[in-house]
Amino acid sequence: MNFNKNSSNKIKHMAISTNLKHIQATLPQNVTLVAVSKTKPVSDLMEAYHAGQRIFGENKIQEMAEKWEQMPKDIQWHMIGHVQTNKVKFMAPFVHLIHAVDSLKLLQEINKQALKNNRTIDCLLQLHIADEETKFGLDQPELTALLQSKTFLEMRNIRIVGLMGMATFTENQDQIKKEFLALKSIFDGIVTQQQLPHFDTLSMGMSSDYPLAITCGSTMVRVGSSIFGGRN
């Protein structure tokens, strides 16, 4: 019985390594791969780690903190899920990039916890680009208001390094492309204004649509099931 379990684990781990290397080989040099490892065991993540992956994305802070404690310290941990302000303190000591910042209130809490940990935390502002109501994110007027607010301009322990967005969950490629290009246009507008010196990251594209996202200008893709297989 154990023999079967061990061999199926071996096959699974070989598949993770193969999948990862295949994806890495297809990405342009300027595109960063975030391996979305939520719900996956540390053994799966270590397989990806041994295949050269150093950036992992989680959507629950507690799970990410547990994995951070167990795994090598040269890993960059990205928080890609919706963030509750009361949980920020648990990731503030180690998180590398927070993808889904969707309010000034959340940004204030990240700034406060970063200061407590004597750190500057990189953040992406999440824009709502999808047709679905269920997606989080700022609209364009809210984004402008946030970037021009006195509160934001006085923050010293966060760094806005780009934007993040999630397209509508649909088979319609034209709609997805339209949403990605809309986000790219907003991103380019901010780059042109040169008000944010470290602003160079556009995080869009997941397992189902990352090749399209890259053609639309994405510089960071969040890929999970294409590396680790489906989730239970």
# chains A, B, ... in the order shown; residues from 1 in each chain; ligands from 1

$ closest_atom_pairs --of "region 79-157 of chain A" --to "region 188-212 of chain A" --cutoff "12 Å" --atoms "only C-alpha atoms" --output "JSON lines"
{"residue": "A:Ile80", "atom": "CA", "partner": "A:Ser203", "partner_atom": "CA", "distance": 9.9}
{"residue": "A:Leu97", "atom": "CA", "partner": "A:Thr201", "partner_atom": "CA", "distance": 10.8}
{"residue": "A:Ile98", "atom": "CA", "partner": "A:Ser203", "partner_atom": "CA", "distance": 10.9}
{"residue": "A:His99", "atom": "CA", "partner": "A:Ser203", "partner_atom": "CA", "distance": 7.8}
{"residue": "A:Ala100", "atom": "CA", "partner": "A:Ser203", "partner_atom": "CA", "distance": 10.0}
{"residue": "A:Asp122", "atom": "CA", "partner": "A:His198", "partner_atom": "CA", "distance": 9.3}
{"residue": "A:Cys123", "atom": "CA", "partner": "A:Thr201", "partner_atom": "CA", "distance": 9.9}
{"residue": "A:Leu124", "atom": "CA", "partner": "A:Thr201", "partner_atom": "CA", "distance": 7.9}
{"residue": "A:Leu125", "atom": "CA", "partner": "A:Leu202", "partner_atom": "CA", "distance": 9.8}
{"residue": "A:Gln126", "atom": "CA", "partner": "A:Ser203", "partner_atom": "CA", "distance": 9.2}
{"residue": "A:Leu127", "atom": "CA", "partner": "A:Met204", "partner_atom": "CA", "distance": 10.5}
{"residue": "A:His128", "atom": "CA", "partner": "A:Met204", "partner_atom": "CA", "distance": 11.8}
{"residue": "A:Ile129", "atom": "CA", "partner": "A:Met204", "partner_atom": "CA", "distance": 10.6}
{"residue": "A:Ala130", "atom": "CA", "partner": "A:Met204", "partner_atom": "CA", "distance": 11.8}
{"residue": "A:Gln140", "atom": "CA", "partner": "A:Gly189", "partner_atom": "CA", "distance": 11.3}
{"residue": "A:Leu143", "atom": "CA", "partner": "A:Ile190", "partner_atom": "CA", "distance": 10.4}
{"residue": "A:Thr144", "atom": "CA", "partner": "A:Ile190", "partner_atom": "CA", "distance": 9.6}
{"residue": "A:Leu147", "atom": "CA", "partner": "A:Gln195", "partner_atom": "CA", "distance": 9.0}
{"residue": "A:Gln148", "atom": "CA", "partner": "A:Gln195", "partner_atom": "CA", "distance": 9.9}
{"residue": "A:Phe152", "atom": "CA", "partner": "A:Leu196", "partner_atom": "CA", "distance": 11.7}
{"residue": "A:Leu153", "atom": "CA", "partner": "A:Leu196", "partner_atom": "CA", "distance": 10.5}

$ closest_residue --among "A:Leu183, A:Leu27, A:Ile176, A:Val223" --to "Leu138 (chain A)" --atoms "only C-alpha atoms"
A:Leu183

$ closest_residue --among "A:Thr39, A:Thr170, A:Thr26, A:Thr85" --to "Asp102 (chain A)" --atoms "only C-alpha atoms"
A:Thr85

$ residues_around --residues "Lys60 (chain A)" --least-positions-apart "2" --cutoff "9 Å" --atoms "only C-alpha atoms" --output "list in words"
Lys38, Glu58, Gln62, Glu63, Met64, Ala65, Met79, Ile80, Gly81, His82 and Val83 of chain A

$ write_last_selection --atoms "N, CA and C atoms" --output "short mmCIF file (atom, residue, chain, number, x, y, z; two decimals), in the first residue's frame"
data_model
loop_
_atom_site.label_atom_id
_atom_site.label_comp_id
_atom_site.auth_asym_id
_atom_site.auth_seq_id
_atom_site.Cartn_x
_atom_site.Cartn_y
_atom_site.Cartn_z
N LYS A 38 -1.49 27.83 -3.17
CA LYS A 38 -2.53 27.74 -2.13
C LYS A 38 -3.13 26.33 -2.08
N GLU A 58 0.22 32.80 -2.28
CA GLU A 58 -0.79 32.20 -1.42
C GLU A 58 -1.97 33.17 -1.28
N GLN A 62 -2.64 32.90 6.97
CA GLN A 62 -2.22 31.89 7.95
C GLN A 62 -1.47 30.73 7.28
N GLU A 63 -2.01 30.27 6.15
CA GLU A 63 -1.36 29.17 5.41
C GLU A 63 0.01 29.61 4.91
N MET A 64 0.10 30.85 4.41
CA MET A 64 1.37 31.37 3.92
C MET A 64 2.39 31.46 5.05
N ALA A 65 1.97 31.93 6.22
CA ALA A 65 2.88 32.06 7.36
C ALA A 65 3.41 30.69 7.81
N MET A 79 1.37 37.59 -1.42
CA MET A 79 -0.02 37.44 -0.98
C MET A 79 -0.91 37.86 -2.14
N ILE A 80 -1.61 36.89 -2.73
CA ILE A 80 -2.38 37.20 -3.94
C ILE A 80 -3.88 37.27 -3.69
N GLY A 81 -4.33 36.86 -2.50
CA GLY A 81 -5.76 36.85 -2.21
C GLY A 81 -6.23 38.16 -1.59
N HIS A 82 -7.55 38.25 -1.38
CA HIS A 82 -8.14 39.41 -0.72
C HIS A 82 -7.62 39.47 0.72
N VAL A 83 -7.21 40.66 1.16
CA VAL A 83 -6.58 40.80 2.47
C VAL A 83 -7.52 41.49 3.46
#

$ select_by_dssp --residues "region 9-185 of chain A" --states "helix (DSSP H, G or I)" --output "ChimeraX atom specification"
/A:9-26,42-50,61-70,85-91,104-116,140-148,150-153,173-185

$ residues_around --residues "Gln70 (chain A)" --least-positions-apart "3" --cutoff "8 Å" --atoms "only C-alpha atoms" --output "list in words"
Val42, Glu66 and Lys67 of chain A

$ write_last_selection --atoms "N, CA, C and O atoms" --output "CSV table (one decimal), in the first residue's frame"
chain,number,residue,atom,x,y,z
A,42,VAL,N,3.5,21.3,1.5
A,42,VAL,CA,4.9,21.8,1.4
A,42,VAL,C,5.7,20.9,0.5
A,42,VAL,O,6.6,21.4,-0.2
A,66,GLU,N,2.5,29.7,7.8
A,66,GLU,CA,3.0,28.3,8.2
A,66,GLU,C,4.0,27.8,7.2
A,66,GLU,O,5.0,27.2,7.6
A,67,LYS,N,3.8,28.0,5.9
A,67,LYS,CA,4.7,27.5,4.9
A,67,LYS,C,6.0,28.3,5.0
A,67,LYS,O,7.1,27.7,4.8

$ closest_residue --among "A:Ile121, A:Met164, A:Met14, A:Ile227" --to "Met91 (chain A)" --atoms "only C-alpha atoms"
A:Ile121

$ closest_residue --among "A:Glu154, A:Asp74, A:Glu69, A:Asp131" --to "Asn111 (chain A)" --atoms "only C-alpha atoms"
A:Glu154

$ select_by_dssp --residues "region 99-168 of chain A" --states "strand (DSSP E or B)" --output "ChimeraX atom specification"
/A:99-101,121-127,138,158-165

$ closest_residue --among "A:Ile186, A:Met166, A:Ile160, A:Ala114" --to "Glu133 (chain A)" --atoms "only C-alpha atoms"
A:Met166

$ residues_around --residues "Gln53 (chain A)" --least-positions-apart "5" --cutoff "10 Å" --atoms "only C-alpha atoms" --output "PyMOL selection string"
chain A and resi 17+20-21+24+33-35+45-48+75-76
